[in-house]
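Working notes, beginning with the structure itself.
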Amino acid sequence: MPARLVWAPHTPTDRAAVLDEVVTAYGAGVLSLETAVAMLLEAGYPIKDASQEVARIRAKAEQEAAERMAEAVALQGEGEGEGEGEGEGDGAISEGALA
């Protein structure tokens, strides 16, 4: 019987390697979220519905972005009050002093 040479797949077969590949590729912007979730599903991660998983990931990302925006606005609002009272004690003449 003749021997037959078969090449193994070049993609990772263990879940940890797939996770690392997905995180790296998605983080670099070379995979879509849908493809990343599909790869995890194929690797055996317990994802029941890929489209629902994508929707949950996007909803969480939007919520986190909204929270960061609210924090930034709050910090900006706090910083605006710091400029009040400028000119006091620094030799500047106020309008009331001229009257």
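We label chains A, B, ... in the order they appear in the structure tokens, count residues from 1 in each chain, and number ligands from 1 in the order shown.
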
query = If you count only C-alpha atoms, which residues fall within 10 Å of stretch 18-23 of chain A, apart from same-chain ones fewer than 4 positions away, as JSON, numbers by chain?
reply = {"A": [11, 12, 13, 14, 27, 28, 29, 30, 31, 32, 33, 35, 36, 37, 38, 39, 40, 42, 43, 44, 45]}

task = Go ahead and compute the interatomic distance for atom CA of A:Glu78 and atom CA of A:Ala61, in Å to one decimal.
result =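 Straight-line distance from atom CA of A:Glu78 to atom CA of A:Ala61 works out to 25.8 Å.
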
query = Of the residues A:Arg4, A:Arg68, A:Arg15, A:Arg58, which is the one nearest to A:Glu34, using only C-alpha atoms?
reply =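 Closest to A:Glu34, using only C-alpha atoms: A:Arg58.
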
task = To one decimal in Å, tell me the separation between atom CA of A:Ile57 and atom CA of A:Met69.
result = 18.4 Å
